[in-house]
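What's in entry-v9.txt: compact mmCIF, C-alpha atoms
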```
# COMPACT_ATOMS: atom_id res chain seq x y z
CA MET D 1 9.19 -47.33 -44.78
CA SER D 2 9.65 -44.37 -42.41
CA LEU D 3 9.45 -44.96 -38.70
CA TYR D 4 6.74 -42.32 -38.18
CA LEU D 5 4.22 -44.01 -40.39
CA THR D 6 4.25 -47.10 -38.24
CA TRP D 7 3.37 -45.09 -35.11
CA SER D 8 0.00 -45.68 -33.59
CA LEU D 9 -2.28 -42.84 -32.54
CA TRP D 10 -1.13 -43.26 -28.94
CA GLU D 11 2.49 -42.93 -29.89
CA TRP D 12 1.74 -39.72 -31.80
CA LEU D 13 -0.16 -38.35 -28.85
CA LEU D 14 2.59 -39.27 -26.40
CA TRP D 15 5.34 -37.63 -28.41
CA SER D 16 3.25 -34.53 -29.06
CA ILE D 17 2.79 -34.13 -25.32
CA VAL D 18 6.50 -34.66 -24.68
CA LEU D 19 7.34 -32.06 -27.33
CA ALA D 20 4.81 -29.55 -25.96
CA ILE D 21 6.12 -29.90 -22.40
CA THR D 22 9.73 -29.56 -23.53
CA LEU D 23 8.91 -26.51 -25.59
CA GLY D 24 6.88 -24.97 -22.76
CA PHE D 25 9.61 -25.43 -20.20
CA GLY D 26 12.18 -24.23 -22.73
CA ILE D 27 10.34 -20.96 -23.29
CA LEU D 28 9.76 -20.57 -19.55
CA PHE D 29 13.45 -21.17 -18.84
CA VAL D 30 14.66 -18.73 -21.49
CA THR D 31 12.21 -16.06 -20.27
CA ALA D 32 13.19 -16.54 -16.62
CA ALA D 33 16.89 -16.51 -17.46
CA SER D 34 16.58 -13.34 -19.57
CA LEU D 35 14.65 -11.58 -16.81
CA MET D 36 17.27 -12.66 -14.28
CA ILE D 37 20.18 -11.43 -16.38
CA SER D 38 18.35 -8.23 -17.22
CA GLN D 39 17.55 -7.40 -13.58
CA ASN D 40 21.04 -8.15 -12.34
CA THR D 41 22.94 -6.20 -14.95
CA ALA D 42 24.00 -2.79 -13.69
CA VAL D 43 23.69 0.22 -15.96
CA ALA D 44 26.99 1.23 -17.50
CA LYS D 45 28.05 4.75 -16.58
CA THR D 46 28.34 6.28 -20.01
CA ARG D 47 25.86 9.15 -19.96
CA LYS D 48 27.25 12.68 -19.75
CA ARG D 49 25.75 14.94 -17.09
CA GLY D 50 23.41 17.46 -18.65
CA SER D 51 22.82 15.43 -21.79
CA PRO D 52 19.21 15.25 -23.03
CA VAL D 53 17.05 12.78 -21.09
CA HIS D 54 13.67 11.51 -22.22
CA ILE D 55 11.44 10.40 -19.33
CA LEU D 56 8.16 8.58 -19.85
CA ILE D 57 5.66 8.74 -16.99
CA VAL D 58 2.65 6.43 -16.84
CA LEU D 59 -0.29 8.02 -15.02
CA GLY D 60 -2.49 5.24 -13.67
CA SER D 61 -5.64 7.09 -12.55
CA GLY D 62 -7.03 8.73 -9.37
CA GLY D 63 -4.86 7.82 -6.42
CA HIS D 64 -2.00 6.52 -8.55
CA THR D 65 -1.79 9.79 -10.45
CA ALA D 66 -1.97 11.83 -7.24
CA GLU D 67 0.90 9.84 -5.74
CA MET D 68 2.95 10.18 -8.94
CA PHE D 69 2.75 13.96 -8.90
CA TYR D 70 3.55 14.11 -5.19
CA MET D 71 6.74 12.26 -6.13
CA LEU D 72 7.44 14.42 -9.18
CA ASP D 73 7.05 17.55 -7.04
CA GLN D 74 10.32 16.53 -5.41
CA TYR D 75 12.06 16.56 -8.76
CA LYS D 76 13.92 19.83 -8.88
CA PHE D 77 14.69 20.28 -12.53
CA ASP D 78 18.05 21.78 -13.13
CA PRO D 79 17.63 24.32 -15.96
CA LYS D 80 20.90 23.04 -17.38
CA ASP D 81 19.48 19.52 -17.55
CA SER D 82 17.47 19.07 -20.66
CA THR D 83 14.63 16.65 -20.14
CA TYR D 84 11.66 15.74 -22.25
CA ARG D 85 8.58 14.34 -20.52
CA THR D 86 6.07 12.02 -22.16
CA TYR D 87 2.97 11.46 -20.02
CA VAL D 88 0.82 8.45 -20.78
CA VAL D 89 -2.82 8.47 -19.65
CA SER D 90 -5.66 6.00 -20.23
CA SER D 91 -8.42 7.09 -22.55
CA GLY D 92 -11.16 9.00 -20.72
CA ASP D 93 -8.93 9.82 -17.75
CA ASN D 94 -9.26 13.61 -17.89
CA PHE D 95 -8.17 13.93 -14.27
CA SER D 96 -4.67 12.62 -15.01
CA ALA D 97 -4.28 14.62 -18.22
CA GLY D 98 -5.36 17.78 -16.37
CA LYS D 99 -2.93 17.08 -13.53
CA ALA D 100 -0.08 16.66 -16.01
CA ARG D 101 -0.94 19.95 -17.71
CA ASP D 102 -1.18 21.73 -14.33
CA PHE D 103 2.16 20.30 -13.26
CA GLU D 104 3.90 21.46 -16.44
CA THR D 105 2.26 24.90 -16.40
CA LYS D 106 3.17 25.43 -12.74
CA ARG D 107 6.84 24.78 -13.25
CA GLY D 108 7.31 26.02 -16.78
CA ASP D 109 8.33 29.64 -16.46
CA GLY D 110 10.54 29.40 -19.53
CA GLU D 111 8.98 30.03 -22.90
CA GLU D 112 9.99 26.74 -24.42
CA ALA D 113 8.55 24.77 -21.50
CA HIS D 114 5.52 23.74 -23.52
CA GLU D 115 7.62 22.10 -26.17
CA ASN D 116 9.24 19.85 -23.63
CA TYR D 117 6.36 17.50 -22.97
CA THR D 118 3.50 15.60 -24.57
CA ILE D 119 0.49 13.83 -23.14
CA LEU D 120 -0.38 10.64 -25.01
CA THR D 121 -3.51 8.53 -24.63
CA VAL D 122 -3.64 4.74 -24.65
CA PRO D 123 -6.78 2.59 -24.71
CA ARG D 124 -7.65 1.12 -21.34
CA ALA D 125 -6.23 -2.32 -20.66
CA ARG D 126 -9.37 -3.26 -18.79
CA ARG D 127 -12.31 -1.02 -18.04
CA VAL D 128 -14.03 -1.26 -14.67
CA HIS D 129 -16.68 -4.01 -14.86
CA GLN D 130 -15.42 -5.18 -18.26
CA SER D 131 -15.98 -8.89 -18.87
CA TYR D 132 -12.93 -11.13 -18.53
CA LEU D 133 -13.80 -12.59 -21.93
CA THR D 134 -13.06 -9.39 -23.84
CA ALA D 135 -10.40 -8.04 -21.46
CA PRO D 136 -7.49 -9.90 -23.16
CA PHE D 137 -8.26 -8.12 -26.44
CA SER D 138 -8.31 -4.65 -24.93
CA THR D 139 -5.14 -5.48 -23.01
CA LEU D 140 -3.47 -6.45 -26.31
CA HIS D 141 -4.69 -3.21 -27.84
CA CYS D 142 -3.20 -1.29 -24.94
CA PHE D 143 0.04 -3.27 -25.18
CA TRP D 144 0.33 -2.56 -28.91
CA THR D 145 -0.17 1.18 -28.34
CA CYS D 146 2.54 1.08 -25.66
CA LEU D 147 4.93 -0.49 -28.17
CA THR D 148 4.03 2.24 -30.66
CA ILE D 149 4.73 4.97 -28.12
CA LEU D 150 8.04 3.48 -27.02
CA ARG D 151 9.24 3.34 -30.62
CA GLY D 152 8.21 6.96 -31.15
CA LEU D 153 5.56 6.10 -33.74
CA HIS D 154 2.49 7.46 -31.95
CA PRO D 155 0.83 10.06 -34.24
CA GLU D 156 0.59 12.68 -31.46
CA GLN D 157 4.22 12.37 -30.47
CA ARG D 158 6.34 15.40 -31.31
CA LEU D 159 9.78 14.88 -29.93
CA LEU D 160 12.46 17.50 -30.19
CA ARG D 161 15.41 16.57 -32.32
CA GLU D 162 17.93 16.05 -29.55
CA TYR D 163 15.83 13.31 -27.94
CA THR D 164 15.63 9.72 -29.13
CA ALA D 165 12.27 8.02 -29.47
CA TYR D 166 13.14 5.31 -26.97
CA PRO D 167 12.65 6.88 -23.53
CA ASP D 168 15.70 6.73 -21.28
CA LEU D 169 13.61 6.17 -18.18
CA ILE D 170 10.08 4.85 -17.63
CA LEU D 171 8.37 5.76 -14.35
CA THR D 172 5.31 3.82 -13.24
CA ASN D 173 3.25 3.24 -10.11
CA GLY D 174 0.36 1.20 -11.47
CA PRO D 175 -2.03 -0.18 -12.48
CA ALA D 176 -2.74 -2.10 -15.74
CA THR D 177 -1.30 0.36 -18.26
CA ALA D 178 1.92 0.37 -16.26
CA VAL D 179 2.17 -3.40 -16.68
CA CYS D 180 1.70 -3.08 -20.46
CA MET D 181 4.32 -0.35 -20.68
CA VAL D 182 6.96 -2.13 -18.60
CA VAL D 183 6.47 -5.43 -20.46
CA ALA D 184 6.62 -3.59 -23.79
CA ALA D 185 9.84 -1.87 -22.73
CA LYS D 186 11.40 -5.20 -21.75
CA LEU D 187 10.37 -6.75 -25.05
CA ILE D 188 11.98 -3.94 -27.04
CA ARG D 189 15.11 -4.17 -24.89
CA PHE D 190 15.22 -7.91 -25.65
CA GLY D 191 15.13 -7.09 -29.36
CA LEU D 192 17.73 -4.34 -29.00
CA PHE D 193 20.00 -6.76 -27.18
CA PHE D 194 20.15 -9.03 -30.22
CA LEU D 195 20.61 -6.03 -32.50
CA GLU D 196 23.58 -4.85 -30.47
CA TRP D 197 24.93 -8.36 -30.28
CA SER D 198 24.81 -8.90 -34.02
CA SER D 199 26.38 -5.54 -34.75
CA TRP D 200 29.13 -6.42 -32.26
CA LEU D 201 29.70 -9.73 -34.03
CA GLN D 202 30.02 -7.90 -37.31
CA GLY D 203 32.54 -5.54 -35.78
CA ARG D 204 30.30 -2.47 -36.05
CA SER D 205 30.00 0.14 -33.33
CA PRO D 206 27.02 -0.17 -30.96
CA VAL D 207 23.70 1.43 -31.91
CA PHE D 208 23.26 3.14 -28.53
CA THR D 209 26.01 4.53 -26.36
CA VAL D 210 23.74 4.99 -23.33
CA SER D 211 21.16 2.83 -21.60
CA LYS D 212 17.59 3.06 -22.82
CA LEU D 213 14.14 2.02 -21.60
CA ARG D 214 15.05 1.50 -17.94
CA THR D 215 11.89 0.80 -15.98
CA VAL D 216 11.10 1.93 -12.43
CA TYR D 217 8.04 0.87 -10.45
CA VAL D 218 7.04 2.48 -7.16
CA GLU D 219 4.55 0.53 -5.05
CA SER D 220 1.67 2.59 -3.74
CA TRP D 221 2.13 4.29 -0.39
CA ALA D 222 -1.21 2.76 0.62
CA ARG D 223 0.32 -0.74 0.48
CA VAL D 224 1.73 -1.31 3.94
CA SER D 225 2.45 -5.03 4.07
CA SER D 226 1.32 -6.73 0.86
CA LEU D 227 2.11 -5.99 -2.76
CA SER D 228 -0.62 -4.95 -5.19
CA THR D 229 -1.47 -7.18 -8.15
CA THR D 230 0.49 -4.83 -10.40
CA GLY D 231 3.40 -5.09 -7.99
CA VAL D 232 3.36 -8.88 -8.02
CA ILE D 233 3.36 -8.95 -11.84
CA LEU D 234 6.12 -6.37 -12.18
CA LEU D 235 8.35 -7.76 -9.41
CA PRO D 236 10.44 -9.89 -11.83
CA ILE D 237 10.19 -7.42 -14.72
CA ALA D 238 10.86 -3.86 -13.52
CA ASP D 239 14.53 -2.85 -13.30
CA ARG D 240 14.01 -0.98 -10.05
CA PHE D 241 11.23 -1.75 -7.59
CA LEU D 242 10.78 0.82 -4.82
CA VAL D 243 8.58 0.34 -1.75
CA GLN D 244 7.59 2.91 0.87
CA TRP D 245 7.08 0.75 3.96
CA PRO D 246 9.79 -1.32 5.69
CA ALA D 247 7.65 -4.50 5.72
CA GLN D 248 7.69 -4.50 1.90
CA ALA D 249 11.48 -4.40 1.63
CA GLY D 250 13.57 -7.32 0.40
CA ARG D 251 10.87 -9.10 -1.57
CA ARG D 252 11.87 -10.77 -4.81
CA ALA D 253 10.13 -12.80 -7.48
CA TRP D 254 12.30 -15.89 -7.04
CA TRP D 255 15.80 -16.90 -6.08
CA GLY D 256 18.49 -14.82 -7.75
CA MET D 257 16.19 -11.96 -8.64
CA LYS D 258 16.59 -8.38 -7.52
CA LYS D 259 15.00 -7.42 -4.21
CA THR D 260 12.57 -4.59 -3.62
CA GLN D 261 14.20 -1.52 -2.17
CA TYR D 262 12.80 0.40 0.78
CA ALA D 263 12.98 4.08 -0.08
CA GLY D 264 10.95 5.67 2.71
CA TRP D 265 8.01 7.90 1.93
CA LEU D 266 8.57 9.24 -1.55
CA VAL D 267 5.17 10.92 -1.68
CA ILE D 268 5.64 13.42 1.13
CA MET I 1 -11.94 30.56 11.95
CA LYS I 2 -11.23 27.06 13.15
CA LEU I 3 -12.49 24.47 10.71
CA CYS I 4 -13.27 20.80 11.12
CA PHE I 5 -13.37 19.28 7.64
CA VAL I 6 -14.97 15.85 7.27
CA THR I 7 -14.43 14.02 3.99
CA VAL I 8 -15.80 10.59 3.06
CA GLY I 9 -14.32 10.26 -0.43
CA ALA I 10 -15.88 9.93 -3.84
CA THR I 11 -16.42 6.25 -4.38
CA ALA I 12 -17.96 4.57 -1.36
CA SER I 13 -20.63 6.05 0.85
CA PHE I 14 -19.96 6.40 4.56
CA GLU I 15 -23.31 7.30 6.08
CA LYS I 16 -22.49 6.16 9.60
CA LEU I 17 -19.62 8.64 9.86
CA LEU I 18 -21.85 11.48 8.66
CA GLU I 19 -24.54 10.59 11.18
CA GLN I 20 -21.94 10.51 13.93
CA VAL I 21 -20.47 13.96 13.22
CA LEU I 22 -23.98 15.46 13.28
CA THR I 23 -24.86 14.09 16.72
CA PRO I 24 -25.33 16.71 19.50
CA ASP I 25 -22.47 15.14 21.47
CA PHE I 26 -19.98 15.59 18.68
CA LEU I 27 -21.09 19.12 17.81
CA GLN I 28 -20.85 20.00 21.51
CA THR I 29 -17.28 18.64 21.64
CA LEU I 30 -16.29 20.73 18.61
CA ALA I 31 -17.80 23.86 20.16
CA GLU I 32 -15.99 23.22 23.43
CA ARG I 33 -12.70 22.97 21.58
CA HIS I 34 -13.36 26.35 19.93
CA TYR I 35 -14.16 25.14 16.44
CA THR I 36 -16.22 27.67 14.50
CA HIS I 37 -16.96 25.80 11.26
CA LEU I 38 -17.89 22.26 10.29
CA LEU I 39 -17.64 21.38 6.59
CA LEU I 40 -18.79 18.03 5.20
CA GLN I 41 -17.85 16.43 1.92
CA TYR I 42 -20.65 13.90 2.15
CA GLY I 43 -20.35 11.95 -1.12
CA LYS I 44 -23.06 10.57 -3.33
CA ASP I 45 -25.42 9.27 -0.65
CA GLY I 46 -24.85 11.77 2.12
CA GLU I 47 -26.95 14.69 0.97
CA LYS I 48 -30.10 13.29 2.57
CA ILE I 49 -28.47 12.93 5.97
CA TYR I 50 -27.09 16.47 5.79
CA ASN I 51 -30.38 18.02 4.65
CA ASN I 52 -32.35 16.06 7.23
CA PHE I 53 -30.18 17.55 9.92
CA LEU I 54 -30.59 21.10 8.61
CA ASN I 55 -34.38 20.66 8.35
CA SER I 56 -34.74 19.03 11.75
CA GLY I 57 -34.15 22.36 13.53
CA LYS I 58 -31.63 20.79 15.92
CA SER I 59 -29.08 23.05 17.55
CA HIS I 60 -25.86 23.72 15.63
CA HIS I 61 -24.08 24.45 18.92
CA GLY I 62 -22.85 27.75 17.51
CA LEU I 63 -21.07 26.13 14.58
CA ILE I 64 -21.42 27.28 10.99
CA LEU I 65 -22.22 24.25 8.85
CA GLY I 66 -21.44 23.63 5.21
CA GLY I 67 -21.70 20.64 2.91
CA PHE I 68 -21.13 19.47 -0.66
CA ASP I 69 -21.22 16.10 -2.37
CA PHE I 70 -18.03 15.94 -4.36
CA LYS I 71 -15.40 18.13 -6.05
CA SER I 72 -12.61 17.08 -8.35
CA SER I 73 -10.14 18.73 -5.99
CA ILE I 74 -10.69 19.30 -2.29
CA GLU I 75 -7.30 20.97 -1.92
CA PRO I 76 -8.85 24.44 -1.22
CA GLU I 77 -11.02 23.00 1.56
CA MET I 78 -8.07 21.15 3.06
CA ILE I 79 -5.93 24.30 3.06
CA MET I 80 -8.63 26.00 5.13
CA THR I 81 -7.65 23.70 7.99
CA THR I 82 -4.09 25.04 8.09
CA GLU I 83 -2.93 27.95 10.16
CA ARG I 84 -2.99 31.19 8.16
CA GLU I 85 -2.70 34.47 10.03
CA LYS I 86 -3.90 36.70 7.21
CA GLN I 87 -7.21 34.90 6.99
CA GLU I 88 -7.42 34.72 10.80
CA GLN I 89 -7.40 31.02 10.39
CA GLN I 90 -6.42 28.67 13.16
CA ARG I 91 -5.11 25.16 12.72
CA GLY I 92 -8.17 22.98 12.29
CA LEU I 93 -8.86 19.28 11.93
CA ILE I 94 -9.46 16.78 9.15
CA ILE I 95 -11.60 13.70 9.71
CA CYS I 96 -11.37 11.38 6.72
CA HIS I 97 -11.90 7.89 5.44
CA ALA I 98 -8.65 5.93 5.10
CA GLY I 99 -8.27 6.59 1.36
CA SER I 100 -4.59 7.13 0.66
CA GLY I 101 -5.06 10.29 -1.43
CA THR I 102 -6.92 12.18 1.28
CA VAL I 103 -4.67 10.98 4.10
CA LEU I 104 -1.56 11.98 2.15
CA ALA I 105 -2.96 15.40 1.34
CA GLY I 106 -3.71 15.92 5.05
CA LEU I 107 -0.27 14.76 6.13
CA ARG I 108 1.37 17.08 3.63
CA LEU I 109 -0.47 20.02 5.16
CA GLY I 110 0.41 19.04 8.71
CA THR I 111 -3.18 19.31 9.90
CA PRO I 112 -4.33 17.12 12.82
CA LEU I 113 -5.80 14.05 11.20
CA ILE I 114 -8.36 11.50 12.35
CA VAL I 115 -8.52 8.51 10.04
CA VAL I 116 -11.70 6.46 10.19
CA PRO I 117 -11.56 3.17 8.25
CA ASN I 118 -14.86 2.27 6.65
CA PRO I 119 -15.97 -1.01 8.28
CA ASP I 120 -18.32 -1.70 5.35
CA LEU I 121 -15.53 -1.94 2.83
CA ALA I 122 -14.48 -5.48 2.01
CA ASP I 123 -10.78 -4.90 1.49
CA ASN I 124 -8.95 -4.18 4.69
CA HIS I 125 -6.02 -2.16 3.33
CA GLN I 126 -7.64 0.90 4.82
CA GLN I 127 -7.60 -0.61 8.30
CA GLU I 128 -3.99 -1.68 7.83
CA LEU I 129 -2.93 1.78 6.71
CA ALA I 130 -4.83 3.47 9.55
CA ASP I 131 -3.22 1.13 12.11
CA VAL I 132 0.32 1.77 10.96
CA LEU I 133 -0.25 5.55 10.78
CA GLU I 134 -1.46 5.54 14.37
CA GLN I 135 1.38 3.30 15.48
CA ASP I 136 3.99 5.59 13.91
CA ASN I 137 2.28 8.69 15.34
CA TYR I 138 1.34 10.28 12.02
CA ALA I 139 -2.41 10.30 12.56
CA VAL I 140 -5.07 9.09 14.95
CA SER I 141 -7.02 6.05 13.87
CA SER I 142 -10.52 5.95 15.25
CA THR I 143 -13.75 4.02 15.06
CA ILE I 144 -16.86 5.95 14.16
CA GLN I 145 -18.13 6.04 17.75
CA ASP I 146 -14.88 7.33 19.24
CA ILE I 147 -14.13 10.29 16.98
CA GLY I 148 -15.24 12.76 19.63
CA SER I 149 -12.56 11.63 22.04
CA ALA I 150 -10.03 11.32 19.22
CA ILE I 151 -10.06 15.09 18.63
CA ALA I 152 -7.95 15.97 21.67
CA LYS I 153 -5.51 13.20 20.84
CA ALA I 154 -5.13 14.36 17.22
CA GLU I 155 -4.57 17.98 18.19
CA LEU I 156 -1.95 17.01 20.74
CA GLN I 157 -0.22 14.66 18.34
CA LYS I 158 0.18 17.31 15.69
CA ALA I 159 1.62 19.69 18.24
CA GLU I 160 4.40 17.19 18.74
CA VAL I 161 4.90 15.60 15.38
CA PHE I 162 4.87 17.54 12.21
CA SER I 163 5.17 15.48 9.08
CA SER I 164 8.11 16.38 6.96
CA ARG I 165 10.43 14.38 4.82
CA SER I 166 13.82 14.97 6.33
CA GLY I 167 16.51 12.43 5.73
CA ASN I 168 14.57 10.67 3.00
CA ASN I 169 15.92 10.50 -0.49
CA THR I 170 13.66 11.66 -3.27
CA LEU I 171 12.50 9.38 -6.05
CA PHE I 172 15.14 10.70 -8.42
CA GLU I 173 17.97 10.21 -5.96
CA ASN I 174 16.83 6.63 -5.58
CA ILE I 175 16.86 5.86 -9.26
CA SER I 176 19.75 7.94 -10.54
CA ASP I 177 21.82 4.78 -11.06
CA GLN I 178 19.28 3.70 -13.68
CA MET I 179 20.31 6.66 -15.81
CA GLY I 180 23.95 5.61 -15.95
CA PHE I 181 25.36 9.08 -15.48
CA LEU I 182 29.11 9.50 -15.52
CA ASP I 183 30.37 10.34 -12.04
```

Show this structure as structure tokens.
Amino acid sequence: MSLYLTWSLWEWLLWSIVLAITLGFGILFVTAASLMISQNTAVAKTRKRGSPVHILIVLGSGGHTAEMFYMLDQYKFDPKDSTYRTYVVSSGDNFSAGKARDFETKRGDGEEAHENYTILTVPRARRVHQSYLTAPFSTLHCFWTCLTILRGLHPEQRLLREYTAYPDLILTNGPATAVCMVVAAKLIRFGLFFLEWSSWLQGRSPVFTVSKLRTVYVESWARVSSLSTTGVILLPIADRFLVQWPAQAGRRAWWGMKKTQYAGWLVI
Amino acid sequence: MKLCFVTVGATASFEKLLEQVLTPDFLQTLAERHYTHLLLQYGKDGEKIYNNFLNSGKSHHGLILGGFDFKSSIEPEMIMTTEREKQEQQRGLIICHAGSGTVLAGLRLGTPLIVVPNPDLADNHQQELADVLEQDNYAVSSTIQDIGSAIAKAELQKAEVFSSRSGNNTLFENISDQMGFLD
């Protein structure tokens, strides 16, 4: 007679709870540890200057988009540098899409400038006034689209040959779509880590020679002393967290995590 | 031309500010300080206040008035407050709600700026931002009632401090290590 069959209902219940708690804490611990290792690992210097760079820029909406382009204005593109820009806007946000087009037109005096960027649309993670009951589903939809974009499988994506689908750098400054994109990037990096690891174990050369999917979050200039909700969520996840006011410097998600970095006004 | 541009933003209405800038006292102050034009971006609920003033037959104190509800970009209006010799344009003034987009646009132009937090808004980030901007001498923070006396202060402040980003690193200098470039 097996031991389990003699258990009473209470014993079953007790052990189920013990198992659930152990599993829960296990997952929590593994997640926290991976985030900690990920944030504290410096990027290896293996990328040649002037090699093709794919930058993905998430345009939040209104004020977020305005701040993003104020920051991008400072980016003096070296003609020798080859960069590809993917802009991500939320569906219905014509303001951001227009701003991206203006920005590219303004600076693209070369003929091939128009081939060097795309504007992709993702469904909104949560519409204004949307019920919290249906919001998780639209967030999942948004998250899935972000994964599709990051793997280069979005139907509107038309990357030039010298660029890999995985963006090298992901720039965000909020709100919800940025969270989806940064989490999606981390998830893919987690997968890539095991891929690299297994190929290393089998003695094969690494899949990527340079870092991919590095995520940068810039807290809004309007946030003087407290982080935004997006900021709080991304604090343990983003690889680089920049703040624009001194009072926001040195924050971290928990012990051992990377601190926010005061960068001065990036938007001026 | 010397323009005072008042903008209340697109989302929330700010009727008290509009009423204040159309009082005889305020118009008189503008005229005394040699302003020639007053332009209002009055938002979704401000049209009535503006039209009521025009229809009331009250004195404009020699100012040329203009108003509109909302535009997707107010950049052209903001540029009219900067000093441009060709257009015979003197440095003007921007009076705005404490929305970050408008304040930033004003700071980037170097126009004297009066920031008026909206007391009816629940979240107090606007107040916080206005306070720290005043404290660091970037703009003048004012209550609705005091904007008249804030004009002189804002004009003086801009004569001394001109916003520019010297010494700051740009975004891309800050994150270049994330790219892992070879030195």

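Rounded to one decimal, atom CA of I:Leu121 and atom CA of I:Ser142 lie 15.5 Å from each other.
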
* Structure fact -> Using all atoms listed in the file, the shortest atom-to-atom distance to D:Thr148 among D:Ser199, D:Ser91, D:Ala247, D:Ala165 belongs to D:Ala165

Can you build me a table of chain D residues sitting at most 8 Å from chain I, with the closest atom pair per residue and its distance in Å to one decimal, using only C-alpha atoms, sorted by chain and residue number, as a Markdown table?
```
| residue | atom | partner | partner_atom | distance |
| --- | --- | --- | --- | --- |
| D:Val43 | CA | I:Gly180 | CA | 5.4 |
| D:Ala44 | CA | I:Gly180 | CA | 5.6 |
| D:Lys45 | CA | I:Gly180 | CA | 4.2 |
| D:Thr46 | CA | I:Leu182 | CA | 5.6 |
| D:Arg47 | CA | I:Phe181 | CA | 4.5 |
| D:Lys48 | CA | I:Leu182 | CA | 5.6 |
| D:Arg49 | CA | I:Phe181 | CA | 6.1 |
| D:Gly63 | CA | I:Gly101 | CA | 5.6 |
| D:Ala66 | CA | I:Gly101 | CA | 6.8 |
| D:Glu67 | CA | I:Gly101 | CA | 7.4 |
| D:Met71 | CA | I:Leu171 | CA | 6.4 |
| D:Leu72 | CA | I:Leu171 | CA | 7.8 |
| D:Gln74 | CA | I:Thr170 | CA | 6.3 |
| D:Tyr75 | CA | I:Phe172 | CA | 6.6 |
| D:Asp168 | CA | I:Met179 | CA | 7.2 |
| D:Leu169 | CA | I:Met179 | CA | 7.1 |
| D:Val210 | CA | I:Gly180 | CA | 7.4 |
| D:Ser211 | CA | I:Gly180 | CA | 6.9 |
| D:Arg214 | CA | I:Gln178 | CA | 6.4 |
| D:Val216 | CA | I:Ile175 | CA | 7.7 |
| D:Trp221 | CA | I:Ser100 | CA | 7.4 |
| D:Ala222 | CA | I:Ser100 | CA | 5.5 |
| D:Arg223 | CA | I:His125 | CA | 7.1 |
| D:Val224 | CA | I:Leu129 | CA | 6.2 |
| D:Arg240 | CA | I:Ile175 | CA | 7.5 |
| D:Ala263 | CA | I:Asn169 | CA | 7.1 |
| D:Gly264 | CA | I:Asn168 | CA | 6.2 |
| D:Trp265 | CA | I:Asn168 | CA | 7.2 |
| D:Leu266 | CA | I:Thr170 | CA | 5.9 |
| D:Val267 | CA | I:Leu104 | CA | 7.8 |
| D:Ile268 | CA | I:Arg165 | CA | 6.1 |
```

Considering all atoms listed in the file, return as a PDB file with C-alpha atoms, in the frame of the given file whatever protein or nucleic-acid residues lie within 12 Å of I:Gln157, sequence-local ones (same chain, fewer than 3 positions apart) excluded.
```pdb
ATOM      1  CA  LEU I  93      -8.860  19.280  11.930  1.00  0.00           C
ATOM      2  CA  GLY I 110       0.410  19.040   8.710  1.00  0.00           C
ATOM      3  CA  THR I 111      -3.180  19.310   9.900  1.00  0.00           C
ATOM      4  CA  PRO I 112      -4.330  17.120  12.820  1.00  0.00           C
ATOM      5  CA  LEU I 113      -5.800  14.050  11.200  1.00  0.00           C
ATOM      6  CA  ILE I 114      -8.360  11.500  12.350  1.00  0.00           C
ATOM      7  CA  LEU I 133      -0.250   5.550  10.780  1.00  0.00           C
ATOM      8  CA  GLU I 134      -1.460   5.540  14.370  1.00  0.00           C
ATOM      9  CA  GLN I 135       1.380   3.300  15.480  1.00  0.00           C
ATOM     10  CA  ASP I 136       3.990   5.590  13.910  1.00  0.00           C
ATOM     11  CA  ASN I 137       2.280   8.690  15.340  1.00  0.00           C
ATOM     12  CA  TYR I 138       1.340  10.280  12.020  1.00  0.00           C
ATOM     13  CA  ALA I 139      -2.410  10.300  12.560  1.00  0.00           C
ATOM     14  CA  VAL I 140      -5.070   9.090  14.950  1.00  0.00           C
ATOM     15  CA  SER I 141      -7.020   6.050  13.870  1.00  0.00           C
ATOM     16  CA  ALA I 150     -10.030  11.320  19.220  1.00  0.00           C
ATOM     17  CA  ILE I 151     -10.060  15.090  18.630  1.00  0.00           C
ATOM     18  CA  ALA I 152      -7.950  15.970  21.670  1.00  0.00           C
ATOM     19  CA  LYS I 153      -5.510  13.200  20.840  1.00  0.00           C
ATOM     20  CA  ALA I 154      -5.130  14.360  17.220  1.00  0.00           C
ATOM     21  CA  GLU I 160       4.400  17.190  18.740  1.00  0.00           C
ATOM     22  CA  VAL I 161       4.900  15.600  15.380  1.00  0.00           C
ATOM     23  CA  PHE I 162       4.870  17.540  12.210  1.00  0.00           C
ATOM     24  CA  SER I 163       5.170  15.480   9.080  1.00  0.00           C
TER      25      SER I 163
END
```

* Length of the atom CA of I:Gly106 to atom CA of I:Thr81 vector [Å] -> 9.2 Å

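If you count only C-alpha atoms and ignore residues fewer than 6 places along the chain from D:Thr65, what sits within 12 Å of it is D:Ile57, D:Val58, D:Leu59, D:Met71, D:Leu72, D:Tyr87, D:Val88, D:Val89, D:Ser90, D:Asp93, D:Asn94, D:Phe95, D:Ser96, D:Ala97, D:Gly98, D:Lys99, D:Ala100, D:Phe103, D:Leu171, D:Thr172, D:Asn173, D:Gly174, D:Pro175, D:Ala178, D:Val218, D:Ser220, D:Val267, I:Ser100, I:Gly101.
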
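Of note, atom CA of I:Leu38 and atom CA of I:Gln127 are spaced 25.2 Å apart.
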
* Asked: Using only C-alpha atoms, which residues sit within 7 Å of I:Thr7 once same-chain residues fewer than 3 positions away are excluded, as a PyMOL selection string?
  -> chain I and resi 40-42+95-97

Non-local contacts of I:Glu85 (12 Å; only C-alpha atoms; under 5 positions in same chain excluded) as a compact mmCIF listing (two decimals) with C-alpha atoms, in the coordinates of the input:
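Output file around_17.txt is given in full below:
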```
# COMPACT_ATOMS: atom_id res chain seq x y z
CA MET I 1 -11.94 30.56 11.95
CA LYS I 2 -11.23 27.06 13.15
CA MET I 80 -8.63 26.00 5.13
CA GLN I 90 -6.42 28.67 13.16
CA ARG I 91 -5.11 25.16 12.72
```
